[in-house]
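> Mind looking over this structure? Questions follow.
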Protein chains: 2
Amino acid sequence: MSSDGNSVNIENSKRPYHHGDLRAALLKAGLDLLETQSAEGLSLREVARQVGVSPTAVYRHFPNKQSLLYALCKHGADGLYEAQAAAMKAAGGGPAGFAATGQAYVRYALANPALFRLLMTTKPPAEMLNPDETYVYAAMDLLRRNVAALLSPDASPDIRKAAVTLAWSQVHGMAMLMLDGQLPADEKLISAIGRGAPF
Amino acid sequence: MSSDGNSVNIENSKRPYHHGDLRAALLKAGLDLLETQSAEGLSLREVARQVGVSPTAVYRHFPNKQSLLYALCKHGADGLYEAQAAAMKAAGGGPAGFAATGQAYVRYALANPALFRLLMTTKPPAEMLNPDETYVYAAMDLLRRNVAALLSPDASPDIRKAAVTLAWSQVHGMAMLMLDGQLPADEKLISAIGRGAPF
DNA sequence: AGGACATGTTTTCACTGTAAACATTTTTCC
DNA sequence: GGAAAAATGTTTACAGTGAAAACATGTCCT
């Protein structure tokens, strides 16, 4: 007994030389740290420290810091999409669903300030210049379909594009201004989204 | 002759121990650097180097790096306000003027990407929590007056506040998304601002 | 003239990202 | 099974950063 050589090793008090799944642990540590810090203040060494590993061990799983941040962005984008999709489902689709996705966008930003800001202010890496590979693609596509459903069927592509842009801009701007302390994070303002604003 | 002791000394080949107006020179250097770099990449030492002064000389004029950045923000905010005011004047006020200020906001952001982002993502220092001391106050107040002029006179304060918020959010979101590479910096999109969007 | 003060410099420290060389464990192949 | 190869970790090292402390030099006021 006790001579197994299975992949991950948690029980043993003696920490094994190999971590088991360091990459995942680093990502988790990064996300944890972003709950209490801004992304600028996040250092590779701090992430490594959190996991209990030497600073340069990170480089076995990410070529550089940027790369770690990209992975965190990806995670955040997935979370954003799920939050929006859930909100739309809960609202039952239609115009109400559309408004709900917009509000979910802002609420997700407020709930995950550092991650959201990182996600949005990180220019996508050169190799994903293709717009349908951006990490926010899923969320954007949801918005696009919503706008399409609301516009009259004979609206021109230009009109559609402008509508998508303006809708995204509005929720994104509100999220950013609230995160940056330029607007109060007021629930009343959030719920004004999608209710036929005067502009 | 030649024994004058005037304040600033530029001609002499021998650089005097005292710079003359180091504070202004540092700010100028900071602004110059922001034309080609992002604010995160801006280092105190680089600013000092640009001016030709020792790294720690900066601390005689700014208590820390943040403080230098605040000053740059202030400058950027003034520029933003002036750009908007000029645009409104050129458009002759009214609804067209309102649309023009919104478009000017986005165009200023695109013309001064690093400075604008710094300005907007820098949380105002604690001592100016008072909203009418924010460095964007002038620009915001212009917007507020514009919105007031467009709404029916009996609109409630809540409606007014929501209208201001949504308008600001829209232009700010577009500016940010374009700066961050999430939206193309397309003039056609910018000119869609204020033309009675479907939302 | 001389002392107070402002403003600049040198030195120093802790921290960062990352490259290079080395150590240890796991995997692969005969 | 056992050795060679690959993967994954550590140690060491380096240049760059923001900032504190001690020191130098110039300006200004009485």
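Here's how to read the names in the structure tokens: chain A, B, ... by the order shown, residue numbers from 1 in each chain, ligand numbers from 1 in the order shown.
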Can you check which residues of chain D have any atom within 12 Å of chain B? Use only C-alpha atoms (C1' of nucleotides) and format it as number ranges by chain.
D: 16-21, 24-28
> What are the closest atom pairs, with distances in Å to one decimal, for each residue of chain C lying within 10 Å of chain B, using only C-alpha atoms (C1' of nucleotides), rows by chain and rising residue number, as JSON lines?

{"residue": "C:DA6", "atom": "C1'", "partner": "B:Arg60", "partner_atom": "CA", "distance": 8.9}
{"residue": "C:DT7", "atom": "C1'", "partner": "B:His18", "partner_atom": "CA", "distance": 6.6}
{"residue": "C:DG8", "atom": "C1'", "partner": "B:Ala57", "partner_atom": "CA", "distance": 6.0}
{"residue": "C:DT9", "atom": "C1'", "partner": "B:Ser54", "partner_atom": "CA", "distance": 6.6}
{"residue": "C:DT10", "atom": "C1'", "partner": "B:Ser54", "partner_atom": "CA", "distance": 9.4}
> Can those selected residues be exported to a file as a short mmCIF file (atom, residue, chain, number, x, y, z; two decimals), in the first residue's frame so that it contains all heavy atoms?

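Output (part.cif):
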data_model
loop_
_atom_site.label_atom_id
_atom_site.label_comp_id
_atom_site.auth_asym_id
_atom_site.auth_seq_id
_atom_site.Cartn_x
_atom_site.Cartn_y
_atom_site.Cartn_z
P DA C 6 11.62 76.53 1.64
OP1 DA C 6 10.24 77.01 1.52
OP2 DA C 6 11.94 75.31 2.41
"O5'" DA C 6 12.22 76.39 0.17
"C5'" DA C 6 12.46 77.58 -0.57
"C4'" DA C 6 13.16 77.26 -1.88
"O4'" DA C 6 14.55 76.98 -1.63
"C3'" DA C 6 12.60 76.05 -2.63
"O3'" DA C 6 12.56 76.40 -4.01
"C2'" DA C 6 13.62 74.94 -2.33
"C1'" DA C 6 14.91 75.73 -2.18
N9 DA C 6 15.89 75.15 -1.24
C8 DA C 6 15.66 74.71 0.02
N7 DA C 6 16.73 74.26 0.63
C5 DA C 6 17.74 74.42 -0.30
C6 DA C 6 19.12 74.13 -0.28
N6 DA C 6 19.74 73.61 0.78
N1 DA C 6 19.83 74.41 -1.39
C2 DA C 6 19.20 74.95 -2.44
N3 DA C 6 17.91 75.26 -2.58
C4 DA C 6 17.23 74.96 -1.47
P DT C 7 11.92 75.42 -5.09
OP1 DT C 7 11.47 76.25 -6.22
OP2 DT C 7 11.00 74.49 -4.42
"O5'" DT C 7 13.20 74.61 -5.59
"C5'" DT C 7 14.20 75.32 -6.28
"C4'" DT C 7 15.38 74.42 -6.52
"O4'" DT C 7 15.99 74.05 -5.27
"C3'" DT C 7 15.04 73.09 -7.21
"O3'" DT C 7 15.94 72.95 -8.29
"C2'" DT C 7 15.30 72.05 -6.14
"C1'" DT C 7 16.43 72.72 -5.39
N1 DT C 7 16.71 72.22 -4.02
C2 DT C 7 18.01 71.92 -3.70
O2 DT C 7 18.93 72.06 -4.49
N3 DT C 7 18.19 71.46 -2.42
C4 DT C 7 17.22 71.27 -1.46
O4 DT C 7 17.51 70.85 -0.34
C5 DT C 7 15.88 71.62 -1.86
C7 DT C 7 14.73 71.46 -0.89
C6 DT C 7 15.69 72.05 -3.11
P DG C 8 15.48 72.00 -9.58
OP1 DG C 8 15.39 72.93 -10.74
OP2 DG C 8 14.31 71.20 -9.18
"O5'" DG C 8 16.67 70.95 -9.82
"C5'" DG C 8 17.88 71.31 -9.80
"C4'" DG C 8 19.02 70.49 -9.32
"O4'" DG C 8 19.05 70.54 -7.88
"C3'" DG C 8 19.05 69.00 -9.68
"O3'" DG C 8 20.17 68.69 -10.51
"C2'" DG C 8 19.18 68.27 -8.35
"C1'" DG C 8 19.57 69.36 -7.38
N9 DG C 8 18.95 69.07 -6.10
C8 DG C 8 17.63 69.18 -5.77
N7 DG C 8 17.37 68.82 -4.54
C5 DG C 8 18.61 68.43 -4.04
C6 DG C 8 18.97 67.94 -2.75
O6 DG C 8 18.23 67.75 -1.78
N1 DG C 8 20.32 67.67 -2.67
C2 DG C 8 21.23 67.85 -3.69
N2 DG C 8 22.50 67.55 -3.41
N3 DG C 8 20.92 68.32 -4.88
C4 DG C 8 19.59 68.58 -4.99
P DT C 9 20.45 67.15 -10.94
OP1 DT C 9 21.29 67.20 -12.15
OP2 DT C 9 19.21 66.36 -10.95
"O5'" DT C 9 21.35 66.65 -9.73
"C5'" DT C 9 22.64 67.22 -9.51
"C4'" DT C 9 23.46 66.33 -8.61
"O4'" DT C 9 22.85 66.29 -7.29
"C3'" DT C 9 23.56 64.88 -9.08
"O3'" DT C 9 24.91 64.45 -8.93
"C2'" DT C 9 22.62 64.12 -8.16
"C1'" DT C 9 22.71 64.94 -6.88
N1 DT C 9 21.49 64.89 -6.03
C2 DT C 9 21.59 64.52 -4.72
O2 DT C 9 22.64 64.23 -4.19
N3 DT C 9 20.40 64.50 -4.03
C4 DT C 9 19.16 64.81 -4.53
O4 DT C 9 18.15 64.76 -3.83
C5 DT C 9 19.12 65.19 -5.92
C7 DT C 9 17.82 65.55 -6.57
C6 DT C 9 20.27 65.21 -6.59
P DT C 10 25.41 63.12 -9.66
OP1 DT C 10 26.62 63.48 -10.41
OP2 DT C 10 24.27 62.48 -10.35
"O5'" DT C 10 25.82 62.21 -8.42
"C5'" DT C 10 26.00 62.82 -7.16
"C4'" DT C 10 26.24 61.81 -6.05
"O4'" DT C 10 25.09 61.83 -5.17
"C3'" DT C 10 26.44 60.35 -6.43
"O3'" DT C 10 27.47 59.83 -5.63
"C2'" DT C 10 25.09 59.70 -6.17
"C1'" DT C 10 24.55 60.55 -5.01
N1 DT C 10 23.06 60.72 -5.01
C2 DT C 10 22.37 60.62 -3.82
O2 DT C 10 22.91 60.38 -2.75
N3 DT C 10 21.02 60.82 -3.92
C4 DT C 10 20.31 61.09 -5.07
O4 DT C 10 19.10 61.25 -5.05
C5 DT C 10 21.09 61.18 -6.28
C7 DT C 10 20.42 61.49 -7.59
C6 DT C 10 22.42 60.99 -6.19
#
> Find the residues of chain B in contact range of chain A, meaning any atom within 8 Å when counting only C-alpha atoms, and list them as number ranges by chain.
B: 120-124, 162-163, 165-174, 176-177, 180-183, 189, 192-194, 196-199
> Determine, counting only C-alpha atoms (C1' of nucleotides), which protein, DNA and RNA residues have an atom within 9 Å of an atom of Gln50 in chain B; residues of the same chain fewer than 6 positions away are not included. Present the result as a PyMOL selection string.
chain B and resi 26+29-30+33
> Take the residues that were just selected and, keeping C-alpha atoms, output them as a PDB file, in the first residue's frame.

ATOM      1  CA  LEU B  26       8.870  67.688 -16.259  1.00  0.00           C
ATOM      2  CA  ALA B  29       8.411  65.877 -20.943  1.00  0.00           C
ATOM      3  CA  GLY B  30       5.666  63.696 -19.495  1.00  0.00           C
ATOM      4  CA  LEU B  33       6.369  60.858 -23.740  1.00  0.00           C
TER       5      LEU B  33
END
> For the helix (DSSP H, G or I) assignment from backbone DSSP, which residues of range 28-59 of chain A qualify? Please present them as a PyMOL selection string.
chain A and resi 28-34+44-51+55-59
> When you draw a straight line from CA of Ala48 in chain A to CA of Arg23 in chain A, how long is it in Å?
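Those two atoms sit 10.7 Å apart.
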> Please provide as a ChimeraX atom specification all residues within 12 Å of range 90-95 of chain B, with the sequence filter that same-chain residues fewer than 2 positions apart are discarded (counting only C-alpha atoms (C1' of nucleotides)).
/A:199 /B:83-88,97-104,142-143,145-151,193-196
> Can you pull out the residues contacting DT12 in chain D? Cut-off 12 Å, using only C-alpha atoms (C1' of nucleotides), and skip same-chain residues under 4 positions away; I want them as a PDB file with C-alpha atoms (C1' of nucleotides), in the first residue's frame.

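Result file out.pdb:
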ATOM      1  CA  THR A  56      10.706  31.724 -12.492  1.00  0.00           C
TER       2      THR A  56
ATOM      3  C1'  DA C  19      17.389  35.159 -19.065  1.00  0.00           C
ATOM      4  C1'  DA C  20      20.756  31.339 -18.121  1.00  0.00           C
ATOM      5  C1'  DA C  21      22.438  27.513 -15.860  1.00  0.00           C
ATOM      6  C1'  DC C  22      21.413  23.812 -12.995  1.00  0.00           C
TER       7       DC C  22
END
> Which residues are close to DG2 in chain D, i.e. within 12 Å by only C-alpha atoms (C1' of nucleotides), leaving aside same-chain residues fewer than 6 positions away? Reply as a list of chain:residue names.
C:DT28, C:DC29, C:DC30
